[in-house]
Every structure is written in C-alpha cells, then in structure tokens.
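Chemist: Hey, dropping data-v9.cif in here, mmCIF, C-alpha atoms:
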data_my_file
loop_
_atom_site.label_atom_id
_atom_site.label_comp_id
_atom_site.auth_asym_id
_atom_site.auth_seq_id
_atom_site.Cartn_x
_atom_site.Cartn_y
_atom_site.Cartn_z
CA MET A 37 46.58 -5.38 -17.78
CA LYS A 38 46.58 -7.29 -21.06
CA ILE A 39 43.58 -9.14 -22.54
CA SER A 40 41.89 -10.37 -25.70
CA ILE A 41 38.10 -10.20 -25.64
CA MET A 42 35.16 -10.90 -27.96
CA LYS A 43 33.86 -7.58 -29.27
CA SER A 44 30.15 -8.53 -28.95
CA TYR A 45 30.49 -9.27 -25.21
CA LEU A 46 32.55 -6.13 -24.60
CA ASN A 47 30.10 -3.97 -26.53
CA GLU A 48 27.08 -5.37 -24.66
CA SER A 49 28.69 -4.69 -21.27
CA ILE A 50 29.70 -1.17 -22.33
CA GLN A 51 26.12 -0.41 -23.44
CA GLN A 52 24.82 -1.61 -20.06
CA VAL A 53 27.17 0.35 -17.82
CA SER A 54 27.22 3.51 -19.96
CA LYS A 55 23.64 4.24 -18.80
CA ALA A 56 25.21 5.34 -15.49
CA ILE A 57 27.47 7.95 -17.09
CA SER A 58 26.40 11.58 -16.82
CA SER A 59 27.36 13.93 -19.63
CA ARG A 60 27.36 16.83 -17.16
CA THR A 61 29.74 15.51 -14.52
CA THR A 62 32.27 17.92 -13.02
CA ILE A 63 34.42 15.01 -11.77
CA PRO A 64 36.55 13.76 -14.71
CA ILE A 65 36.87 10.19 -13.38
CA LEU A 66 33.05 9.78 -13.49
CA GLY A 67 33.15 10.35 -17.24
CA GLY A 68 34.93 7.04 -17.57
CA ILE A 69 34.33 3.28 -17.44
CA LYS A 70 36.43 1.32 -14.97
CA PHE A 71 37.93 -2.00 -16.10
CA ASP A 72 38.95 -4.61 -13.54
CA VAL A 73 40.60 -7.72 -14.98
CA ASN A 74 41.40 -10.87 -13.00
CA HIS A 75 41.59 -14.59 -13.75
CA GLN A 76 37.79 -14.95 -13.39
CA GLY A 77 36.96 -12.40 -16.08
CA VAL A 78 36.44 -8.69 -16.75
CA THR A 79 34.27 -6.34 -14.66
CA LEU A 80 33.14 -2.98 -16.08
CA THR A 81 31.81 -0.28 -13.75
CA ALA A 82 30.32 3.18 -14.33
CA SER A 83 28.77 5.64 -11.87
CA ASP A 84 27.29 9.12 -11.66
CA THR A 85 26.95 8.91 -7.81
CA ASP A 86 23.14 8.54 -8.07
CA ILE A 87 23.34 5.24 -9.95
CA SER A 88 26.19 2.78 -10.41
CA ILE A 89 26.15 -0.13 -12.86
CA GLN A 90 28.54 -3.06 -12.91
CA SER A 91 28.69 -5.71 -15.64
CA PHE A 92 30.73 -8.91 -15.53
CA ILE A 93 32.16 -10.74 -18.57
CA PRO A 94 33.23 -14.34 -17.78
CA LEU A 95 36.26 -16.05 -19.33
CA GLU A 96 33.98 -18.59 -21.01
CA GLU A 97 30.32 -19.04 -21.83
CA GLY A 98 29.33 -22.62 -22.54
CA ASP A 99 32.13 -24.02 -24.65
CA LYS A 100 33.01 -20.62 -26.13
CA SER A 101 36.10 -18.69 -25.07
CA VAL A 102 35.15 -15.05 -24.40
CA VAL A 103 38.20 -13.50 -22.67
CA GLN A 104 41.88 -14.46 -22.56
CA VAL A 105 43.74 -12.82 -19.69
CA GLU A 106 47.49 -12.44 -20.13
CA GLN A 107 47.91 -9.95 -17.32
CA PRO A 108 45.36 -8.78 -14.68
CA GLY A 109 44.99 -5.10 -13.87
CA SER A 110 42.69 -2.07 -13.79
CA VAL A 111 42.19 1.17 -15.71
CA VAL A 112 39.51 3.84 -16.25
CA LEU A 113 38.88 4.74 -19.90
CA PRO A 114 37.02 7.84 -21.20
CA ALA A 115 33.49 6.59 -21.90
CA LYS A 116 32.41 9.10 -24.54
CA PHE A 117 35.03 7.97 -27.05
CA PHE A 118 35.39 4.38 -25.89
CA VAL A 119 31.65 3.56 -26.24
CA GLU A 120 31.63 4.72 -29.86
CA ILE A 121 34.94 3.26 -31.00
CA ILE A 122 34.30 -0.30 -29.77
CA LYS A 123 31.05 -0.44 -31.82
CA LYS A 124 32.99 0.54 -34.95
CA LEU A 125 36.00 -1.78 -34.65
CA PRO A 126 36.44 -4.00 -37.73
CA SER A 127 37.12 -7.46 -36.23
CA GLN A 128 35.33 -9.67 -33.71
CA GLU A 129 38.32 -9.89 -31.35
CA VAL A 130 39.66 -6.87 -29.46
CA HIS A 131 43.10 -6.72 -27.84
CA MET A 132 43.70 -4.31 -24.95
CA GLU A 133 46.93 -3.55 -23.12
CA VAL A 134 47.57 -0.97 -20.40
CA LYS A 135 51.12 0.37 -20.18
CA GLU A 136 52.86 3.09 -18.15
CA ASN A 137 50.75 5.99 -16.79
CA PHE A 138 47.59 4.06 -17.76
CA ASN A 139 48.14 4.62 -21.49
CA THR A 140 45.89 2.00 -23.09
CA PHE A 141 46.49 0.41 -26.49
CA ILE A 142 43.49 -1.13 -28.28
CA SER A 143 43.78 -3.09 -31.50
CA ALA A 144 41.30 -4.97 -33.70
CA GLY A 145 42.19 -6.16 -37.20
CA ALA A 146 44.31 -3.43 -38.78
CA THR A 147 43.01 -0.72 -36.43
CA GLU A 148 45.15 0.55 -33.56
CA ILE A 149 44.01 3.10 -30.97
CA GLN A 150 45.82 4.70 -28.07
CA LEU A 151 43.72 6.09 -25.21
CA VAL A 152 44.83 8.13 -22.21
CA GLY A 153 43.54 6.14 -19.22
CA LEU A 154 42.96 7.32 -15.64
CA ASP A 155 44.02 5.89 -12.28
CA PRO A 156 41.37 3.35 -11.13
CA GLU A 157 42.22 4.10 -7.47
CA GLU A 158 40.43 7.46 -7.90
CA PHE A 159 37.18 5.78 -9.00
CA PRO A 160 34.43 5.81 -6.31
CA VAL A 161 33.89 2.59 -4.38
CA LEU A 162 30.53 0.91 -4.97
CA PRO A 163 28.01 1.04 -2.09
CA SER A 164 28.22 -1.80 0.42
CA ILE A 165 24.81 -3.46 0.79
CA GLU A 166 23.86 -6.23 3.21
CA GLU A 167 21.85 -8.79 1.25
CA ASN A 168 19.76 -10.14 4.10
CA GLN A 169 16.43 -9.08 2.54
CA THR A 170 16.16 -10.02 -1.13
CA VAL A 171 12.98 -10.25 -3.20
CA SER A 172 12.72 -11.53 -6.76
CA ILE A 173 10.42 -10.30 -9.52
CA PRO A 174 10.08 -11.45 -13.15
CA GLY A 175 11.80 -8.93 -15.43
CA ASP A 176 8.82 -8.44 -17.75
CA LEU A 177 6.54 -7.68 -14.76
CA LEU A 178 9.03 -5.14 -13.36
CA LYS A 179 9.29 -3.40 -16.75
CA ASN A 180 5.50 -3.28 -16.99
CA MET A 181 5.10 -1.82 -13.49
CA ILE A 182 7.65 0.89 -14.29
CA LYS A 183 6.00 1.72 -17.63
CA GLN A 184 2.53 1.92 -16.06
CA THR A 185 3.56 4.40 -13.33
CA VAL A 186 6.69 6.37 -14.27
CA PHE A 187 4.87 8.72 -16.68
CA SER A 188 3.09 10.30 -13.69
CA ILE A 189 6.21 11.53 -11.89
CA SER A 190 6.89 15.24 -11.55
CA THR A 191 9.50 16.76 -13.86
CA HIS A 192 9.99 19.77 -11.55
CA GLU A 193 13.04 19.62 -9.32
CA THR A 194 11.35 21.97 -6.82
CA THR A 195 9.85 18.89 -5.12
CA PRO A 196 12.58 16.26 -5.64
CA ILE A 197 10.64 13.47 -3.88
CA LEU A 198 7.90 13.63 -6.55
CA THR A 199 10.44 13.03 -9.35
CA GLY A 200 10.52 9.43 -8.14
CA VAL A 201 8.22 6.42 -7.87
CA LEU A 202 7.24 5.28 -4.36
CA TRP A 203 7.84 1.56 -3.70
CA SER A 204 6.28 -0.30 -0.78
CA LEU A 205 6.16 -3.99 0.08
CA GLY A 206 4.00 -5.75 2.64
CA ASP A 207 2.08 -9.04 2.82
CA ASN A 208 3.83 -10.18 -0.40
CA GLU A 209 2.35 -7.22 -2.33
CA LEU A 210 4.73 -4.83 -4.12
CA LYS A 211 3.12 -1.46 -4.90
CA PHE A 212 4.32 1.48 -7.02
CA VAL A 213 2.83 4.99 -6.73
CA ALA A 214 3.73 8.05 -8.83
CA THR A 215 2.18 11.53 -8.79
CA ASP A 216 2.96 15.08 -9.90
CA ARG A 217 0.02 16.52 -7.86
CA HIS A 218 -2.17 16.74 -11.01
CA ARG A 219 -2.37 13.00 -11.71
CA LEU A 220 -1.56 9.73 -10.03
CA ALA A 221 -0.71 6.20 -11.16
CA THR A 222 -0.62 3.10 -8.97
CA ARG A 223 0.30 -0.47 -9.87
CA SER A 224 0.69 -3.46 -7.57
CA ALA A 225 1.72 -7.10 -7.95
CA MET A 226 1.84 -10.15 -5.70
CA LEU A 227 5.31 -11.66 -5.27
CA ASP A 228 5.94 -15.34 -4.56
CA ASN A 229 9.00 -15.06 -2.37
CA ALA A 230 8.61 -11.94 -0.22
CA GLU A 231 7.33 -13.63 2.94
CA GLY A 232 8.14 -11.50 5.98
CA ILE A 233 9.91 -8.78 3.97
CA ARG A 234 8.50 -5.27 4.37
CA PHE A 235 9.59 -1.79 3.35
CA ASN A 236 7.93 1.56 2.63
CA ASN A 237 8.90 5.10 1.61
CA VAL A 238 11.48 3.73 -0.82
CA VAL A 239 11.43 6.37 -3.57
CA ILE A 240 13.48 5.75 -6.71
CA SER A 241 14.05 8.45 -9.34
CA GLY A 242 11.89 8.01 -12.44
CA LYS A 243 14.93 8.75 -14.62
CA THR A 244 16.80 5.91 -12.91
CA LEU A 245 13.87 3.50 -13.38
CA ASN A 246 13.75 4.30 -17.09
CA GLU A 247 17.45 3.40 -17.36
CA LEU A 248 16.89 0.22 -15.34
CA SER A 249 14.04 -0.76 -17.64
CA LYS A 250 16.38 -0.64 -20.66
CA ILE A 251 18.74 -3.16 -19.03
CA VAL A 252 16.08 -5.64 -17.80
CA PRO A 253 15.53 -8.34 -20.47
CA ASP A 254 12.05 -8.65 -22.01
CA GLN A 255 11.81 -12.34 -21.24
CA ASN A 256 10.86 -13.79 -17.87
CA THR A 257 14.33 -13.41 -16.28
CA LEU A 258 14.18 -12.99 -12.51
CA VAL A 259 15.48 -9.70 -11.11
CA ASP A 260 16.70 -9.81 -7.49
CA ILE A 261 16.04 -6.62 -5.50
CA VAL A 262 17.92 -5.76 -2.30
CA VAL A 263 16.73 -2.71 -0.31
CA ALA A 264 19.14 -1.07 2.17
CA ASP A 265 19.03 2.20 4.14
CA ASN A 266 19.71 4.58 1.28
CA GLN A 267 20.41 2.27 -1.68
CA VAL A 268 18.59 -0.32 -3.76
CA LEU A 269 20.49 -3.01 -5.63
CA PHE A 270 19.03 -4.76 -8.68
CA LYS A 271 20.75 -7.97 -9.79
CA ILE A 272 20.05 -8.95 -13.40
CA ASP A 273 22.03 -11.90 -14.78
CA ARG A 274 25.63 -10.60 -14.69
CA VAL A 275 24.67 -6.97 -14.12
CA LEU A 276 24.51 -5.14 -10.77
CA PHE A 277 22.49 -1.89 -10.83
CA TYR A 278 22.77 0.32 -7.72
CA SER A 279 20.38 3.24 -7.20
CA ARG A 280 20.29 5.89 -4.50
CA ILE A 281 16.95 6.22 -2.66
CA LEU A 282 15.60 9.80 -2.82
CA ASP A 283 15.62 11.73 0.47
CA GLY A 284 12.36 12.88 2.03
CA THR A 285 8.92 11.53 2.86
CA TYR A 286 6.51 10.78 0.04
CA PRO A 287 3.07 12.41 0.53
CA ASP A 288 0.11 10.23 1.55
CA THR A 289 -1.89 9.86 -1.66
CA SER A 290 -4.49 7.40 -0.36
CA ARG A 291 -6.89 10.16 0.71
CA ILE A 292 -7.37 11.55 -2.80
CA ILE A 293 -8.78 8.30 -4.18
CA PRO A 294 -12.59 8.20 -3.74
CA THR A 295 -14.21 4.92 -2.71
CA SER A 296 -17.71 5.64 -4.07
CA TYR A 297 -18.79 7.27 -7.32
CA LYS A 298 -21.79 9.24 -8.64
CA THR A 299 -21.17 8.33 -12.29
CA GLU A 300 -19.55 5.26 -13.84
CA LEU A 301 -18.76 4.67 -17.51
CA VAL A 302 -17.28 1.63 -19.21
CA LEU A 303 -15.69 2.51 -22.55
CA ASP A 304 -13.71 0.75 -25.25
CA THR A 305 -10.07 1.74 -24.52
CA LYS A 306 -9.01 1.94 -28.18
CA LYS A 307 -12.03 4.00 -29.30
CA LEU A 308 -11.67 6.37 -26.37
CA SER A 309 -7.94 6.78 -27.04
CA GLU A 310 -8.48 7.55 -30.74
CA SER A 311 -11.29 9.99 -29.97
CA ILE A 312 -9.29 11.92 -27.34
CA ASP A 313 -6.25 11.89 -29.63
CA ARG A 314 -8.26 13.69 -32.31
CA ALA A 315 -9.58 16.21 -29.78
CA TYR A 316 -6.06 16.71 -28.43
CA LEU A 317 -4.84 17.92 -31.86
CA LEU A 318 -7.04 20.99 -31.51
CA SER A 319 -6.62 21.54 -27.76
CA ARG A 320 -2.85 21.40 -28.20
CA GLU A 321 -2.98 24.49 -30.43
CA GLU A 322 -4.67 26.37 -27.59
CA LYS A 323 -1.71 25.44 -25.30
CA THR A 324 -4.19 24.17 -22.70
CA ASN A 325 -4.77 20.53 -23.81
CA ILE A 326 -8.31 20.88 -22.42
CA VAL A 327 -10.82 18.33 -23.71
CA ARG A 328 -14.43 18.08 -22.51
CA MET A 329 -16.42 14.93 -21.91
CA GLN A 330 -20.16 14.90 -21.26
CA THR A 331 -23.01 12.43 -21.17
CA MET A 332 -25.78 13.09 -23.72
CA ASP A 333 -29.53 12.54 -23.31
CA SER A 334 -29.30 9.81 -25.95
CA GLY A 335 -26.94 7.82 -23.69
CA THR A 336 -23.80 8.48 -25.76
CA ILE A 337 -20.64 10.25 -24.55
CA GLU A 338 -19.58 13.44 -26.31
CA ILE A 339 -15.90 14.30 -26.51
CA SER A 340 -15.03 17.80 -27.73
CA SER A 341 -12.36 20.48 -27.83
CA SER A 342 -11.99 23.90 -29.37
CA SER A 343 -9.37 26.38 -30.51
CA SER A 344 -10.07 30.10 -30.85
CA GLU A 345 -8.02 30.15 -34.07
CA LEU A 346 -8.82 26.79 -35.66
CA GLY A 347 -12.36 25.87 -34.66
CA LYS A 348 -13.99 22.93 -32.87
CA VAL A 349 -14.04 19.16 -32.91
CA ARG A 350 -16.73 16.96 -31.37
CA GLU A 351 -17.67 13.32 -31.64
CA GLU A 352 -19.85 10.83 -29.81
CA ILE A 353 -18.94 7.35 -28.66
CA GLU A 354 -21.18 4.60 -27.29
CA PRO A 355 -20.37 3.46 -23.75
CA ALA A 356 -20.51 -0.27 -22.99
CA GLU A 357 -22.12 0.69 -19.66
CA PHE A 358 -23.33 3.91 -18.06
CA THR A 359 -24.72 4.26 -14.53
CA GLY A 360 -25.36 7.23 -12.28
CA ASP A 361 -25.74 10.98 -12.76
CA PRO A 362 -25.29 12.91 -16.04
CA LEU A 363 -21.85 14.47 -16.28
CA LYS A 364 -19.92 17.29 -17.92
CA ILE A 365 -16.22 17.43 -17.12
CA SER A 366 -12.99 18.95 -18.53
CA PHE A 367 -9.50 17.46 -18.27
CA ASN A 368 -5.96 17.58 -19.63
CA SER A 369 -6.09 15.37 -22.72
CA LYS A 370 -2.35 14.69 -22.65
CA TYR A 371 -2.65 13.25 -19.14
CA MET A 372 -5.55 11.07 -20.29
CA LEU A 373 -3.60 9.85 -23.37
CA ASP A 374 -0.58 9.01 -21.19
CA VAL A 375 -2.83 6.64 -19.21
CA LEU A 376 -4.51 5.16 -22.27
CA LYS A 377 -1.11 4.33 -23.82
CA VAL A 378 -0.19 2.02 -20.93
CA VAL A 379 -3.60 0.41 -20.32
CA GLU A 380 -3.58 -3.14 -21.72
CA SER A 381 -7.25 -3.88 -20.97
CA GLU A 382 -9.72 -3.66 -23.89
CA GLN A 383 -12.24 -1.83 -21.71
CA LEU A 384 -11.76 0.92 -19.16
CA MET A 385 -13.99 2.09 -16.32
CA ILE A 386 -14.03 5.85 -15.78
CA ALA A 387 -15.64 6.96 -12.53
CA PHE A 388 -16.54 10.43 -11.23
CA THR A 389 -17.81 11.84 -7.95
CA GLY A 390 -18.48 15.33 -9.30
CA VAL A 391 -17.34 18.03 -11.72
CA MET A 392 -14.31 19.11 -9.66
CA SER A 393 -13.52 15.76 -8.07
CA PRO A 394 -10.75 13.43 -9.24
CA ILE A 395 -11.39 11.33 -12.35
CA ILE A 396 -10.73 7.64 -11.63
CA LEU A 397 -9.60 5.28 -14.41
CA LYS A 398 -9.55 1.50 -13.85
CA PRO A 399 -8.68 -1.07 -16.54
CA LEU A 400 -11.55 -3.60 -16.42
CA ASP A 401 -9.50 -6.79 -16.49
CA ASP A 402 -6.65 -5.50 -14.30
CA SER A 403 -7.56 -4.96 -10.66
CA GLN A 404 -3.96 -4.02 -9.79
CA SER A 405 -3.78 -0.73 -11.72
CA LEU A 406 -5.54 2.54 -10.96
CA TYR A 407 -5.11 6.07 -12.34
CA VAL A 408 -6.32 9.45 -11.12
CA ILE A 409 -6.50 12.72 -13.07
CA LEU A 410 -7.60 16.03 -11.55
CA PRO A 411 -10.16 17.85 -13.74
CA TYR A 412 -10.05 21.47 -14.91
CA ARG A 413 -12.48 24.14 -13.86
CA THR A 414 -13.76 25.77 -17.05
CA THR A 415 -16.22 28.59 -17.61
CA ASN A 416 -18.27 26.89 -20.33
#
Could you quickly redo this structure as structure tokens?
Modeler:
Amino acid sequence: MKISIMKSYLNESIQQVSKAISSRTTIPILGGIKFDVNHQGVTLTASDTDISIQSFIPLEEGDKSVVQVEQPGSVVLPAKFFVEIIKKLPSQEVHMEVKENFNTFISAGATEIQLVGLDPEEFPVLPSIEENQTVSIPGDLLKNMIKQTVFSISTHETTPILTGVLWSLGDNELKFVATDRHRLATRSAMLDNAEGIRFNNVVISGKTLNELSKIVPDQNTLVDIVVADNQVLFKIDRVLFYSRILDGTYPDTSRIIPTSYKTELVLDTKKLSESIDRAYLLSREEKTNIVRMQTMDSGTIEISSSSSELGKVREEIEPAEFTGDPLKISFNSKYMLDVLKVVESEQLMIAFTGVMSPIILKPLDDSQSLYVILPYRTTN
C-alpha cells in the first residue's frame, strides 16, 4: 500500500471512525483503524463489536485531487497514536507506505513517522445487512429526536434494555421512547418515504445514539436507515454507521401515561426553568434534588426547596393558564431541568392527576413530544 492523501480529508475520516474505538478493548486489533486502499479511494473502518463505523475518501472531489494511489493494499494502525499524530502533522499532504510485516511509514513535510501496523485479515468483518427496507430522515430531525429522548435512558447496566432508546415505525410515524423507570421521554415524527415499512422493539444504546449524533451533519442532509434482525445501519454521505440492537423486550410504557388530568398548568418554559434552577441549587446540597411546586390561593405557582444546613428558597410565578384542583407536589428537580433543556416551545403544559401520580409535561406548540416524571412522596 502506498498513497498520498490530503490531510484534511484523512483527519475528518479518522475523527468519524474513531468514535467506534473502545479504550477498554481486550482485543488488540479493535484498538486500531483499518485502511483499505484501492483504485476508487480509501476506506477507513473501526469497530468495538457493538458499533462499527466506515468512512470512504474518494480519489477526487469536484475538480480537486484528494488521494493518489500508487499501490493498493490494507493495514490496521493503532488508533490512539494515529488519531493524534495526523492532527499535528505540519503539511497539508500526507504520504503513507506499508512495507514488510505491516510496518507503516508516514511522512508530511519534514516529519517522518514509523508505526507498527497489524494484519488486516484479523480485523472483524462488518455485518452483512439486506437493504430491502430503507427509510430516510433529515439529519437535523434525527439529531433533535435523539437529544429530546436520550437523557431519559437508564445508566444502570442491571437492566441493559433500559440503557437504550426504543424505536418503532408504523403508518409512516417514527417514534422514540426512553425511560429509566423514574421518568420517560417520547418523541415522534412523520416520515415521507416509509410507506409499508414497519418495525418495533428496535432498541439502540443511548451511548451509541450520542456517538451517531456527533457524526450526523447539522444541515438537512438525509440519513438512510436500514433495520435488520440484530443490526441497524445508518448511511450518512460517505459514512456507514452500524449499531447492534440491544437484546430483550422493552417494557410497555403506554399504561403509565394518563389520558385525563385533575390539574392543568400552562407556564412560560424559560421562567419555569430559571425558577427550578435556582431551587435546584439548594436541593442539590441536600443530595435529594427535591423541589416542591404548589398552587397558591392567589392563583400563582410557588416553587420552593430547602436544605437543613443552608436554608430555604421560594418564589412565585404566574401561570398563563390554570384549570382544575389545587395542587402540592414534589419532584426531582434535575429530572425536570433535563426536560426543560430540550423543550423548544415557549410555553409548557404541566398536567397532574394527583399527588402521587405521574407528572405530564407537553410543549404547547409541539404535539409530537411528551415527558413523564414520577413525583416524590414527602412528609411535609
């Protein structure tokens, strides 16, 4: 293998695939990035068995020459060092040559580096996926759906299925659900090109979705999604992102969402967020994060918290609307702030069916998002 390649293209591809490299792997070959060079271009691949990412660099882009191939070939290079060194090379063109025993020589400007490569034949083969059911989604919408649900996954490995986000598709509607048993986030979106395609109980690790989100461009680039038996493939421009589907059956969460409410409030999202943030500062010191919300006789909403060592904080905010029974409820302020950070609507409806029933949060101008937080039972 012998090539010359533009550093910017090489660096971008390395950054993309390196998201699949685990720092804790016990298999040495998985700590590397595989290079495959042919007369079409250069393909970089990395994998940690749960996710695999492949990035392709073409010979040319537009009228610009990106890669010159003198000799095709393959090698696996140690990612930890390689990722850092390419960023720091002095010139815009990088020369790479693989010699005997996969010893790899890299030069740029006056810098020369020799790396001990590994045999590419030992690198795991990428999953084989039949692409007979493909749906497309705008990249910015996919990123938004991930952001608005992934914070509700469980971080405890004792229930692995809850460390992922549940995906389902039917009647052109793609729906995400995430829960850690104390809170729940759902987000759905209508897709234009999913006619006749259905799937459910596709659960993708939240950690994986966060890595995917970093690769998806912010602009309206279409992402193709292919769902197979135990793998999902995301195709983004010249990047292929494979993810394993988590084993197990996701719990039915539909029964915990009430359909009628005893109390409904409409509040300004920003004011509510700032008020709870101030109350959280005190509740955090108590290690409980408990904040109380109650309706006052005057029609305002009181938000308060206390710390046995520091004192108390209370403030009142005016609701835009208030219907139903008076209310006094306690909840985890961090969970509430996590929701308020991802709500893009200026106003938020908060609905209750009772002191120990789930708290429902619905952004007013977004009918496709819904959040649930379980309240705390407190003595006062």
Chemist: Place a sphere of radius 12 Å on (25.5, -8.6, 0.2) in the file coordinates and name every protein, DNA or RNA residue with an atom inside or on its surface, counting all atoms listed in the file; give the answer as number ranges by chain.
Modeler: A: 162-170, 260-264, 268-271, 276
Chemist: Rank A:Leu282, A:Val152, A:Met132, A:Leu177 by their smallest atom-to-atom distance to Val201 in chain A, using only C-alpha atoms, and report the top residue only.
Modeler: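 Counting only C-alpha atoms, the residue closest to Val201 in chain A is A:Leu282.
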Chemist: In Å, how far is it from CA of Asp84 in chain A to CA of Leu154 in chain A?
Modeler: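 Calculated distance between CA of Asp84 in chain A and CA of Leu154 in chain A is 16.3 Å.
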Chemist: List the residues selected by the PyMOL selection byres ((chain A and resi 104-108) around 6) in the file shown, writing them as a ChimeraX atom specification.
Modeler: /A:37-40,73-74,103,109
Chemist: Identify which of the residues A:Ser309, A:Ser91, A:Thr147, A:Asn236 lies closest to Phe277 in chain A, counting all atoms listed in the file when measuring atom-to-atom distances.
Modeler: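 Distance minimum relative to Phe277 in chain A lands on A:Ser91.
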Chemist: Which residues fall under the PyMOL selection byres ((chain A and resi 221) around 9) in this file, as a list in words?
Modeler: Gln184, Thr185, Val186, Phe187, Ser188, Ile189, Phe212, Val213, Ala214, Thr215, Arg219, Leu220, Thr222, Arg223, Val375, Ser405, Leu406, Tyr407, Val408 and Ile409 of chain A
Chemist: What does the file look like for those residues with C-alpha atoms, as a PDB file, keeping the file's coordinate frame?
Modeler:
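Result file out.pdb:
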ATOM      1  CA  GLN A 184       2.530   1.920 -16.060  1.00  0.00           C
ATOM      2  CA  THR A 185       3.560   4.400 -13.330  1.00  0.00           C
ATOM      3  CA  VAL A 186       6.690   6.370 -14.270  1.00  0.00           C
ATOM      4  CA  PHE A 187       4.870   8.720 -16.680  1.00  0.00           C
ATOM      5  CA  SER A 188       3.090  10.300 -13.690  1.00  0.00           C
ATOM      6  CA  ILE A 189       6.210  11.530 -11.890  1.00  0.00           C
ATOM      7  CA  PHE A 212       4.320   1.480  -7.020  1.00  0.00           C
ATOM      8  CA  VAL A 213       2.830   4.990  -6.730  1.00  0.00           C
ATOM      9  CA  ALA A 214       3.730   8.050  -8.830  1.00  0.00           C
ATOM     10  CA  THR A 215       2.180  11.530  -8.790  1.00  0.00           C
ATOM     11  CA  ARG A 219      -2.370  13.000 -11.710  1.00  0.00           C
ATOM     12  CA  LEU A 220      -1.560   9.730 -10.030  1.00  0.00           C
ATOM     13  CA  THR A 222      -0.620   3.100  -8.970  1.00  0.00           C
ATOM     14  CA  ARG A 223       0.300  -0.470  -9.870  1.00  0.00           C
ATOM     15  CA  VAL A 375      -2.830   6.640 -19.210  1.00  0.00           C
ATOM     16  CA  SER A 405      -3.780  -0.730 -11.720  1.00  0.00           C
ATOM     17  CA  LEU A 406      -5.540   2.540 -10.960  1.00  0.00           C
ATOM     18  CA  TYR A 407      -5.110   6.070 -12.340  1.00  0.00           C
ATOM     19  CA  VAL A 408      -6.320   9.450 -11.120  1.00  0.00           C
ATOM     20  CA  ILE A 409      -6.500  12.720 -13.070  1.00  0.00           C
TER      21      ILE A 409
END
Chemist: Nearest to Ile292 in chain A: which of A:Ser311, A:Gln255, A:Ser344, A:Ser393 is it, counting only C-alpha atoms?
Modeler: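 Among the listed residues, the smallest separation from Ile292 in chain A belongs to A:Ser393.
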Chemist: Considering only C-alpha atoms, can you say which of A:Asn266, A:Ser110, A:Ser88, A:Ser127 comes closest to Thr140 in chain A?
Modeler: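 Closest to Thr140 in chain A, using only C-alpha atoms: A:Ser110.
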Chemist: Quick one: of A:Ile65, A:Ile240, A:Leu303, A:Met332, who's nearest to Pro196 in chain A, counting only C-alpha atoms?
Modeler: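 That would be A:Ile240, the residue with the smallest distance to Pro196 in chain A.
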Chemist: Name the residues within 12 Å of (13.2, 1.1, -21.0), counting all atoms listed in the file in the file's coordinates, and put them as a compact mmCIF listing (two decimals) with C-alpha atoms, in the frame of the given file.
Modeler:
# COMPACT_ATOMS: atom_id res chain seq x y z
CA GLN A 52 24.82 -1.61 -20.06
CA LYS A 55 23.64 4.24 -18.80
CA GLY A 175 11.80 -8.93 -15.43
CA ASP A 176 8.82 -8.44 -17.75
CA LEU A 178 9.03 -5.14 -13.36
CA LYS A 179 9.29 -3.40 -16.75
CA ASN A 180 5.50 -3.28 -16.99
CA MET A 181 5.10 -1.82 -13.49
CA ILE A 182 7.65 0.89 -14.29
CA LYS A 183 6.00 1.72 -17.63
CA GLN A 184 2.53 1.92 -16.06
CA VAL A 186 6.69 6.37 -14.27
CA GLY A 242 11.89 8.01 -12.44
CA LYS A 243 14.93 8.75 -14.62
CA THR A 244 16.80 5.91 -12.91
CA LEU A 245 13.87 3.50 -13.38
CA ASN A 246 13.75 4.30 -17.09
CA GLU A 247 17.45 3.40 -17.36
CA LEU A 248 16.89 0.22 -15.34
CA SER A 249 14.04 -0.76 -17.64
CA LYS A 250 16.38 -0.64 -20.66
CA ILE A 251 18.74 -3.16 -19.03
CA VAL A 252 16.08 -5.64 -17.80
CA PRO A 253 15.53 -8.34 -20.47
CA ASP A 254 12.05 -8.65 -22.01
Chemist: As lines of an AutoDock Vina configuration file, please report the centre and edge lengths, rounded to one decimal in Å, of the axis-aligned box that holds all listed atoms of range 329-336 of chain A with 4 Å of padding on each of the six sides.
Modeler:
center_x = -23.0
center_y = 11.4
center_z = -23.6
size_x = 21.1
size_y = 15.1
size_z = 12.8
Chemist: Mind giving me the straight-line distance from CA of Arg274 in chain A to CA of Phe92 in chain A in Å, one decimal?
Modeler: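 The value is 5.4 Å.
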Chemist: Compare A:Ala56, A:Val78, A:Val349, A:Ile395 by their minimum atom-to-atom distance to Leu318 in chain A, counting all atoms listed in the file, and give me the closest one.
Modeler: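 Once distances to Leu318 in chain A are computed over all atoms listed in the file, the minimum belongs to A:Val349.
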Chemist: List as a list in words the protein and nucleic acid residues near Gln330 in chain A, meaning an atom at most 7 Å away when all atoms listed in the file are counted, but skip any in the same chain fewer than 5 places from it.
Modeler: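 That gives Ile337, Glu338, Ile339, Leu363, Lys364 and Ile365 of chain A.
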Chemist: Can you write just those residues out, C-alpha atoms, as a PDB file, in the coordinates of the input?
Modeler:
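Ended up saving to result_13.pdb:
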ATOM      1  CA  ILE A 337     -20.640  10.250 -24.550  1.00  0.00           C
ATOM      2  CA  GLU A 338     -19.580  13.440 -26.310  1.00  0.00           C
ATOM      3  CA  ILE A 339     -15.900  14.300 -26.510  1.00  0.00           C
ATOM      4  CA  LEU A 363     -21.850  14.470 -16.280  1.00  0.00           C
ATOM      5  CA  LYS A 364     -19.920  17.290 -17.920  1.00  0.00           C
ATOM      6  CA  ILE A 365     -16.220  17.430 -17.120  1.00  0.00           C
TER       7      ILE A 365
END
Chemist: Give me, as a list in words, all polymer residues having an atom no more than 12 Å from Gly390 in chain A, counting only C-alpha atoms and skipping those fewer than 4 positions away in the same chain.
Modeler: Pro294, Ser296, Tyr297, Lys298, Thr299, Glu300, Gly360, Asp361, Pro362, Leu363, Lys364, Ile365, Ser366, Pro394, Ile395, Ile396, Leu410, Pro411, Tyr412 and Arg413 of chain A
Chemist: With the file shown as input, list the residues that the PyMOL selection byres ((chain A and resi 227-233) around 9) selects, as JSON, numbers by chain.
Modeler: {"A": [169, 170, 171, 172, 173, 205, 206, 207, 208, 209, 210, 225, 226, 234, 235]}
Chemist: Which distance in Å separates CA of Ser241 in chain A and CA of Ser279 in chain A, to one decimal?
Modeler: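 Distance reported for this atom pair: 8.5 Å.
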